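Text of my_file-v5.csv, listed as CSV, C-alpha atoms:
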chain,number,residue,atom,x,y,z
Z,1,MET,CA,-43.5,16.9,-1.4
Z,2,THR,CA,-43.4,15.6,-5.0
Z,3,VAL,CA,-42.2,12.1,-5.8
Z,4,ILE,CA,-39.2,13.6,-7.7
Z,5,ALA,CA,-38.2,15.9,-4.7
Z,6,ALA,CA,-38.6,13.0,-2.3
Z,7,GLY,CA,-36.3,10.9,-4.6
Z,8,LEU,CA,-33.7,13.6,-4.7
Z,9,LEU,CA,-33.8,14.0,-1.0
Z,10,SER,CA,-33.3,10.3,-0.5
Z,11,VAL,CA,-30.3,10.3,-2.8
Z,12,ALA,CA,-28.8,13.2,-1.0
Z,13,MET,CA,-29.3,11.6,2.3
Z,14,THR,CA,-27.7,8.4,1.0
Z,15,MET,CA,-24.7,10.2,-0.3
Z,16,THR,CA,-24.2,12.1,2.9
Z,17,ALA,CA,-24.4,8.9,4.9
Z,18,ALA,CA,-21.9,7.2,2.6
Z,19,THR,CA,-19.3,10.0,2.8
Z,20,PRO,CA,-19.3,11.7,6.2
Z,21,LYS,CA,-17.3,14.9,6.6
Z,22,GLN,CA,-13.7,14.5,7.6
Z,23,ARG,CA,-12.1,16.5,10.4
Z,24,VAL,CA,-8.7,17.9,9.5
Z,25,GLN,CA,-5.7,17.2,11.7
Z,26,ARG,CA,-2.3,18.7,10.9
Z,27,VAL,CA,0.8,16.8,12.2
Z,28,ALA,CA,4.6,17.0,11.9
Z,29,THR,CA,5.7,14.1,14.1
Z,30,GLY,CA,5.2,10.4,14.5
Z,31,GLU,CA,3.4,11.0,17.8
Z,32,GLY,CA,1.2,13.5,16.1
Z,33,LEU,CA,0.2,10.9,13.6
Z,34,LEU,CA,-0.7,8.4,16.2
Z,35,ARG,CA,-2.8,10.9,18.1
Z,36,ALA,CA,-4.7,11.9,14.9
Z,37,LEU,CA,-5.5,8.5,13.6
Z,38,ALA,CA,-9.3,8.0,13.6
Z,39,SER,CA,-12.2,7.4,11.3
Z,40,ASN,CA,-13.6,10.3,9.3
Z,41,THR,CA,-10.2,12.1,9.5
Z,42,ARG,CA,-8.0,13.8,7.0
Z,43,ILE,CA,-4.4,13.9,8.4
Z,44,ILE,CA,-2.2,16.5,6.7
Z,45,ILE,CA,1.6,16.0,7.3
Z,46,SER,CA,3.6,19.2,7.1
Z,47,GLU,CA,5.6,19.8,4.0
Z,48,GLY,CA,9.0,18.2,4.1
Z,49,ALA,CA,8.4,16.5,7.4
Z,50,GLU,CA,10.1,13.2,8.2
Z,51,LEU,CA,8.1,11.1,10.6
Z,52,HIS,CA,10.1,8.4,12.4
Z,53,LEU,CA,7.1,6.3,13.3
Z,54,THR,CA,9.1,3.6,15.1
Z,55,ASP,CA,10.0,6.0,18.0
Z,56,ALA,CA,6.4,6.8,18.6
Z,57,ILE,CA,4.9,3.3,18.4
Z,58,SER,CA,7.7,2.0,20.7
Z,59,ASP,CA,7.0,4.5,23.4
Z,60,ASP,CA,5.1,2.4,26.1
Z,61,GLY,CA,3.9,5.5,27.9
Z,62,LEU,CA,2.4,7.0,24.8
Z,63,CYS,CA,0.8,3.7,23.8
Z,64,LYS,CA,-0.7,3.4,27.3
Z,65,LEU,CA,-2.0,7.0,27.1
Z,66,LEU,CA,-3.6,6.4,23.6
Z,67,LYS,CA,-4.7,2.9,24.5
Z,68,ILE,CA,-2.6,1.4,21.7
Z,69,LYS,CA,-2.3,-2.3,22.4
Z,70,GLU,CA,-0.6,-5.3,20.8
Z,71,ILE,CA,-2.5,-6.9,17.9
Z,72,ASP,CA,-1.9,-10.4,16.5
Z,73,THR,CA,-1.7,-9.7,12.8
Z,74,TYR,CA,-1.3,-13.4,12.1
Z,75,ASP,CA,-4.9,-14.0,12.9
Z,76,SER,CA,-6.7,-14.0,9.6
Z,77,ASN,CA,-10.1,-13.3,11.1
Z,78,PHE,CA,-10.3,-9.7,9.8
Z,79,SER,CA,-14.0,-9.4,10.5
Z,80,ARG,CA,-13.3,-9.0,14.2
Z,81,PHE,CA,-12.2,-5.4,13.4
Z,82,ALA,CA,-15.3,-4.5,11.3
Z,83,ASN,CA,-16.6,-1.1,12.5
Z,84,LYS,CA,-14.3,-1.3,15.5
Z,85,PRO,CA,-11.7,1.4,14.9
Z,86,THR,CA,-8.5,0.3,16.5
Z,87,ILE,CA,-4.8,1.4,16.6
Z,88,GLY,CA,-2.4,-1.2,17.6
Z,89,TRP,CA,1.2,-2.5,17.3
Z,90,HIS,CA,2.7,-5.8,16.3
Z,91,ASP,CA,6.2,-7.0,17.2
Z,92,ASN,CA,8.0,-8.2,14.1
Z,93,PHE,CA,11.2,-9.6,15.4
Z,94,ASP,CA,13.2,-6.4,15.4
Z,95,GLY,CA,10.7,-3.8,16.4
Z,96,ARG,CA,7.1,-2.7,16.5
Z,97,GLU,CA,4.8,-2.2,13.5
Z,98,LEU,CA,1.9,0.2,13.5
Z,99,VAL,CA,-1.5,-1.5,12.8
Z,100,VAL,CA,-4.5,0.5,11.8
Z,101,ALA,CA,-7.7,-1.6,12.0
Z,102,GLY,CA,-11.4,-1.2,11.4
Z,103,MET,CA,-11.2,2.5,10.3
Z,104,ASN,CA,-13.4,4.2,7.7
Z,105,ASN,CA,-12.9,7.4,5.7
Z,106,LEU,CA,-9.3,8.0,6.6
Z,107,THR,CA,-6.9,10.2,4.5
Z,108,ILE,CA,-3.1,10.6,5.2
Z,109,GLU,CA,-1.5,13.1,2.9
Z,110,GLY,CA,1.7,15.1,2.6
Z,111,GLU,CA,1.4,18.8,2.2
Z,112,GLY,CA,3.1,20.7,-0.7
Z,113,ILE,CA,6.1,18.8,-2.0
Z,114,GLY,CA,5.2,15.9,0.3
Z,115,ALA,CA,6.3,14.2,3.5
Z,116,HIS,CA,8.2,11.1,4.6
Z,117,ILE,CA,7.1,8.3,6.9
Z,118,ILE,CA,10.0,6.1,7.9
Z,119,VAL,CA,10.4,3.0,10.1
Z,120,ASN,CA,13.5,1.2,11.5
Z,121,PRO,CA,12.4,-2.4,12.0
Z,122,ARG,CA,13.4,-4.3,8.9
Z,123,TYR,CA,10.5,-6.8,9.2
Z,124,ALA,CA,7.7,-4.4,9.8
Z,125,PHE,CA,5.3,-2.7,7.3
Z,126,VAL,CA,5.5,1.0,7.3
Z,127,LEU,CA,1.7,1.2,7.3
Z,128,ASN,CA,-0.4,-1.9,7.9
Z,129,PHE,CA,-4.2,-1.6,7.4
Z,130,ILE,CA,-6.6,-4.3,8.5
Z,131,CYS,CA,-10.3,-4.3,7.7
Z,132,CYS,CA,-10.3,-0.6,6.8
Z,133,LYS,CA,-12.6,1.1,4.2
Z,134,ASN,CA,-12.2,4.3,2.2
Z,135,VAL,CA,-8.5,4.9,2.9
Z,136,LYS,CA,-6.4,7.4,0.9
Z,137,LEU,CA,-2.6,7.7,1.0
Z,138,LEU,CA,-1.6,10.8,-0.9
Z,139,ASN,CA,1.7,12.5,-1.8
Z,140,LEU,CA,3.9,10.5,0.6
Z,141,THR,CA,7.3,8.9,0.6
Z,142,LEU,CA,7.2,5.6,2.6
Z,143,GLY,CA,10.1,3.3,3.4
Z,144,HIS,CA,12.6,1.6,5.7
Z,145,THR,CA,16.0,2.7,7.0
Z,146,GLU,CA,17.5,-0.8,6.6
Z,147,GLU,CA,17.0,-3.7,4.2
Z,148,GLY,CA,14.8,-6.5,5.4
Z,149,TYR,CA,14.2,-10.1,4.3
Z,150,CYS,CA,11.4,-12.6,4.4
Z,151,GLN,CA,8.7,-10.1,5.4
Z,152,GLY,CA,8.3,-6.4,6.0
Z,153,GLY,CA,6.8,-4.5,3.0
Z,154,VAL,CA,5.8,-0.8,2.7
Z,155,VAL,CA,2.0,-0.8,2.6
Z,156,GLY,CA,0.1,-3.8,3.9
Z,157,LEU,CA,-3.7,-4.3,3.3
Z,158,SER,CA,-5.7,-7.1,4.7
Z,159,GLY,CA,-9.5,-7.3,4.3
Z,160,CYS,CA,-9.7,-3.7,3.1
Z,161,GLU,CA,-12.0,-1.9,0.7
Z,162,ASN,CA,-11.8,1.3,-1.4
Z,163,VAL,CA,-8.1,2.1,-1.0
Z,164,VAL,CA,-6.4,4.9,-3.0
Z,165,ILE,CA,-2.7,5.4,-3.2
Z,166,ASP,CA,-1.8,8.5,-5.3
Z,167,GLN,CA,1.5,10.2,-5.9
Z,168,CYS,CA,3.4,8.1,-3.4
Z,169,ASP,CA,7.0,6.8,-3.5
Z,170,MET,CA,7.2,3.4,-1.8
Z,171,PHE,CA,10.8,2.4,-1.5
Z,172,GLY,CA,13.0,-0.4,0.0
Z,173,CYS,CA,14.6,-1.7,1.7
Z,174,GLY,CA,11.2,-3.1,2.4
Z,175,THR,CA,10.8,-6.6,0.9
Z,176,GLU,CA,7.9,-5.3,-1.4
Z,177,GLY,CA,6.0,-2.1,-2.0
Z,178,ILE,CA,2.4,-3.4,-1.6
Z,179,CYS,CA,1.1,-6.6,0.0
Z,180,ALA,CA,-2.7,-6.9,-0.3
Z,181,GLU,CA,-4.9,-9.8,0.6
Z,182,TYR,CA,-8.7,-10.1,0.4
Z,183,THR,CA,-8.9,-6.5,-0.5
Z,184,LYS,CA,-11.5,-4.9,-2.9
Z,185,LYS,CA,-11.1,-1.8,-5.1
Z,186,LEU,CA,-7.5,-0.8,-4.7
Z,187,VAL,CA,-6.4,2.1,-7.0
Z,188,CYS,CA,-2.8,3.1,-7.2
Z,189,THR,CA,-2.0,6.1,-9.5
Z,190,SER,CA,1.1,8.1,-10.4
Z,191,SER,CA,3.2,6.3,-7.8
Z,192,PHE,CA,6.6,4.5,-7.6
Z,193,ILE,CA,7.6,1.2,-6.2
Z,194,ARG,CA,11.4,1.0,-6.2
Z,195,ASP,CA,14.5,-0.6,-4.6
Z,196,CYS,CA,12.6,-3.4,-2.8
Z,197,SER,CA,14.7,-6.4,-1.8
Z,198,TYR,CA,12.3,-9.3,-2.8
Z,199,ASP,CA,9.6,-8.1,-5.2
Z,200,ILE,CA,7.3,-5.3,-6.3
Z,201,MET,CA,4.0,-6.5,-4.9
Z,202,THR,CA,1.9,-9.5,-3.8
Z,203,LEU,CA,-1.9,-9.5,-4.4
Z,204,SER,CA,-3.8,-12.4,-2.9
Z,205,HIS,CA,-7.5,-12.9,-3.4
Z,206,CYS,CA,-8.0,-9.3,-4.3
Z,207,THR,CA,-10.8,-7.8,-6.5
Z,208,ASP,CA,-10.5,-4.8,-8.8
Z,209,ALA,CA,-6.9,-3.7,-8.3
Z,210,LYS,CA,-5.8,-1.0,-10.8
Z,211,PHE,CA,-2.4,0.6,-11.2
Z,212,GLU,CA,-2.3,3.6,-13.5
Z,213,GLY,CA,0.6,5.7,-14.5
Z,214,CYS,CA,3.0,4.0,-12.0
Z,215,GLU,CA,6.6,3.1,-12.4
Z,216,PHE,CA,8.3,0.0,-10.9
Z,217,PHE,CA,12.1,0.0,-11.0
Z,218,ARG,CA,15.3,-1.4,-9.3
Z,219,ASN,CA,13.4,-4.1,-7.5
Z,220,LYS,CA,14.6,-7.7,-7.0
Z,221,GLU,CA,15.0,-10.7,-6.9
Z,222,PHE,CA,12.2,-13.3,-6.9
Z,223,THR,CA,8.8,-13.2,-8.6
Z,224,LEU,CA,8.2,-9.5,-8.8
Z,225,VAL,CA,4.4,-9.3,-9.3
Z,226,THR,CA,2.5,-12.1,-7.7
Z,227,CYS,CA,-1.3,-12.4,-8.2
Z,228,LYS,CA,-3.0,-15.3,-6.5
Z,229,GLY,CA,-6.7,-15.9,-6.9
Z,230,CYS,CA,-7.4,-12.3,-8.0
Z,231,THR,CA,-10.0,-10.8,-10.4
Z,232,GLY,CA,-9.9,-7.5,-12.2
Z,233,VAL,CA,-6.2,-6.7,-11.9
Z,234,VAL,CA,-5.1,-4.0,-14.4
Z,235,PHE,CA,-1.9,-2.2,-15.1
Z,236,SER,CA,-2.5,0.9,-17.3
Z,237,ARG,CA,0.2,3.2,-18.6
Z,238,CYS,CA,2.8,1.6,-16.2
Z,239,TYR,CA,6.5,1.3,-16.8
Z,240,PHE,CA,8.5,-1.7,-15.6
Z,241,ASN,CA,12.2,-1.2,-15.9
Z,242,ASN,CA,15.6,-2.2,-14.4
Z,243,ASN,CA,14.2,-5.0,-12.2
Z,244,GLN,CA,15.7,-8.4,-11.4
Z,245,GLY,CA,13.7,-11.6,-11.2
Z,246,THR,CA,10.7,-13.2,-12.9
Z,247,LEU,CA,8.3,-10.4,-13.7
Z,248,PHE,CA,4.8,-12.1,-13.3
Z,249,GLY,CA,3.6,-15.1,-11.3
Z,250,ILE,CA,-0.2,-15.4,-11.8
Z,251,THR,CA,-2.6,-18.0,-10.7
Z,252,GLY,CA,-6.3,-17.5,-11.5
Z,253,GLN,CA,-7.8,-14.9,-13.7
Z,254,ASN,CA,-5.7,-13.1,-16.3
Z,255,VAL,CA,-3.9,-9.8,-15.5
Z,256,VAL,CA,-4.5,-6.9,-18.0
Z,257,LEU,CA,-1.6,-4.8,-19.3
Z,258,ASP,CA,-2.9,-1.7,-21.1
Z,259,ASP,CA,-0.5,0.7,-22.9
Z,260,CYS,CA,2.4,-0.3,-20.6
Z,261,VAL,CA,6.1,-0.3,-21.3
Z,262,ILE,CA,7.9,-3.5,-20.1
Z,263,ASP,CA,11.7,-3.3,-20.2
Z,264,HIS,CA,12.6,-6.8,-19.0
Z,265,PRO,CA,14.3,-10.0,-20.3
Z,266,GLU,CA,11.8,-11.9,-22.4
Z,267,TYR,CA,12.7,-15.3,-20.9
Z,268,LYS,CA,11.9,-13.8,-17.4
Z,269,ILE,CA,8.4,-12.5,-18.1
Z,270,GLY,CA,6.9,-15.5,-16.2
Z,271,SER,CA,3.2,-16.2,-16.6
Z,272,SER,CA,2.9,-14.7,-20.1
Z,273,GLU,CA,-0.1,-17.0,-20.9
Z,274,GLN,CA,-2.1,-15.3,-18.2
Z,275,LEU,CA,-1.4,-11.8,-19.4
Z,276,THR,CA,-4.0,-9.9,-21.6
Z,277,GLU,CA,-2.1,-7.3,-23.5
Z,278,LYS,CA,-3.4,-4.1,-25.0
Z,279,THR,CA,-1.0,-2.1,-27.1
Z,280,CYS,CA,2.1,-2.6,-24.9
Z,281,ASP,CA,5.7,-1.9,-25.8
Z,282,TRP,CA,7.9,-4.8,-24.9
Z,283,LEU,CA,11.7,-4.2,-24.7
Z,284,ASP,CA,13.9,-7.3,-24.4
Z,285,THR,CA,16.9,-6.3,-22.3
Z,286,SER,CA,19.8,-8.3,-21.1
Z,287,ASP,CA,19.6,-10.2,-17.8
Z,288,GLU,CA,21.7,-7.7,-16.0
Z,289,PRO,CA,20.0,-4.5,-14.7
Z,290,LYS,CA,21.0,-1.2,-16.3
Z,291,GLU,CA,23.3,1.2,-14.4
Starting from the coordinates I provided, produce the structure as structure tokens.
Amino acid sequence: MTVIAAGLLSVAMTMTAATPKQRVQRVATGEGLLRALASNTRIIISEGAELHLTDAISDDGLCKLLKIKEIDTYDSNFSRFANKPTIGWHDNFDGRELVVAGMNNLTIEGEGIGAHIIVNPRYAFVLNFICCKNVKLLNLTLGHTEEGYCQGGVVGLSGCENVVIDQCDMFGCGTEGICAEYTKKLVCTSSFIRDCSYDIMTLSHCTDAKFEGCEFFRNKEFTLVTCKGCTGVVFSRCYFNNNQGTLFGITGQNVVLDDCVIDHPEYKIGSSEQLTEKTCDWLDTSDEPKE
């Protein structure tokens, strides 16, 4: 074998090892989603389906059958889940929250015009990922049935890496659309975060988080985009409009705004000194949201 051929074979083997083939599972119910969750899996939710995830994760018999046990999400030791695929639940005051931990190469997508994943507990994340890698959420509508306070966002990410959120609608009444901590390489494209009761997102100690072609609207009421100790946070071609509250709260490295439209009161922009702007359109609106 020539040196070149050996090199090509080595590259091919490395690529194959890095991206194992996904098995395809088609589901139309919350129970079906729980049964399908696994590494190296592409879960396709039937077009127009509405998965009430709370009913499934609250079924003790089903949880026992699938070996889904309680997980303490307040334990910040994410590494205990590394390479240990686990499905669990966490009780957040008014109901159970699904926890997906330690999984790799997982895709959850809505077929056709999309699908809904809905939860009832106001203080629970719709989907909460801990120490997961190579996760894709595609063409989904994610949200709560009732408004929550203090905690309970839509997508939670802790200690994750290589997460893609594309063409998703993340809506309240969750407190926020995305809450990510110690997460690397988060890419959110062509998605909405709307109608959340506290803010748009919280990013804490994240690296390389990019939001492209997204729209954030009708969110309230505190600091809307919080970035703490993050590097490489970029908003590209995004539209902020009709939100209430201080728009940016940034500690650490600057956040880049590239070709964005910001329709927000100037005196409520927040950490303007830590924004790096590239050809953005700023619209100074009144303090009251538009109808």
Using all atoms listed in the file, tabulate the residues of range 170-235 of chain Z lying at most 7 Å from any atom of range 256-264 of chain Z, each with its closest atom pair and that distance in Å to one decimal, by chain and increasing residue number, as CSV.
residue,atom,partner,partner_atom,distance
Z:Val233,CA,Z:Val256,CA,6.3
Z:Val234,CA,Z:Val256,CA,4.7
Z:Phe235,CA,Z:Leu257,CA,4.9
Nearest-residue call for Thr86 in chain Z, choices Z:Val24, Z:Ile44, Z:Met170, Z:Ile130, using only C-alpha atoms: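 Among the listed residues, Z:Ile130 lies closest to Thr86 in chain Z.
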Neighbours of point (2.4, -13.6, -11.2) within 6 Å, using only C-alpha atoms, written as a list in words: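 Answer for this query, in the requested form: Val225, Thr226, Cys227, Phe248, Gly249 and Ile250 of chain Z.
The interatomic distance for the pair CA of Thr223 in chain Z and CA of Ile269 in chain Z works out to 9.5 Å.
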Ref. answer, residues at most 12 Å from (-16.6, -9.8, 8.8) with only C-alpha atoms, as an NGL selection string: :Z and (76-84 or 102 or 130-132 or 158-160 or 182)
Residues within 9 Å of Thr183 in chain Z, only C-alpha atoms, excluding chain neighbours under 3 positions, as JSON, numbers by chain: {"Z": [131, 157, 158, 159, 160, 161, 162, 163, 180, 186, 203, 204, 205, 206, 207, 208, 209]}
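Nearest residue to Leu138 in chain Z among Z:Gly48, Z:Pro85, Z:Gly30, Z:Gly110 is Z:Gly110, counting all atoms listed in the file.
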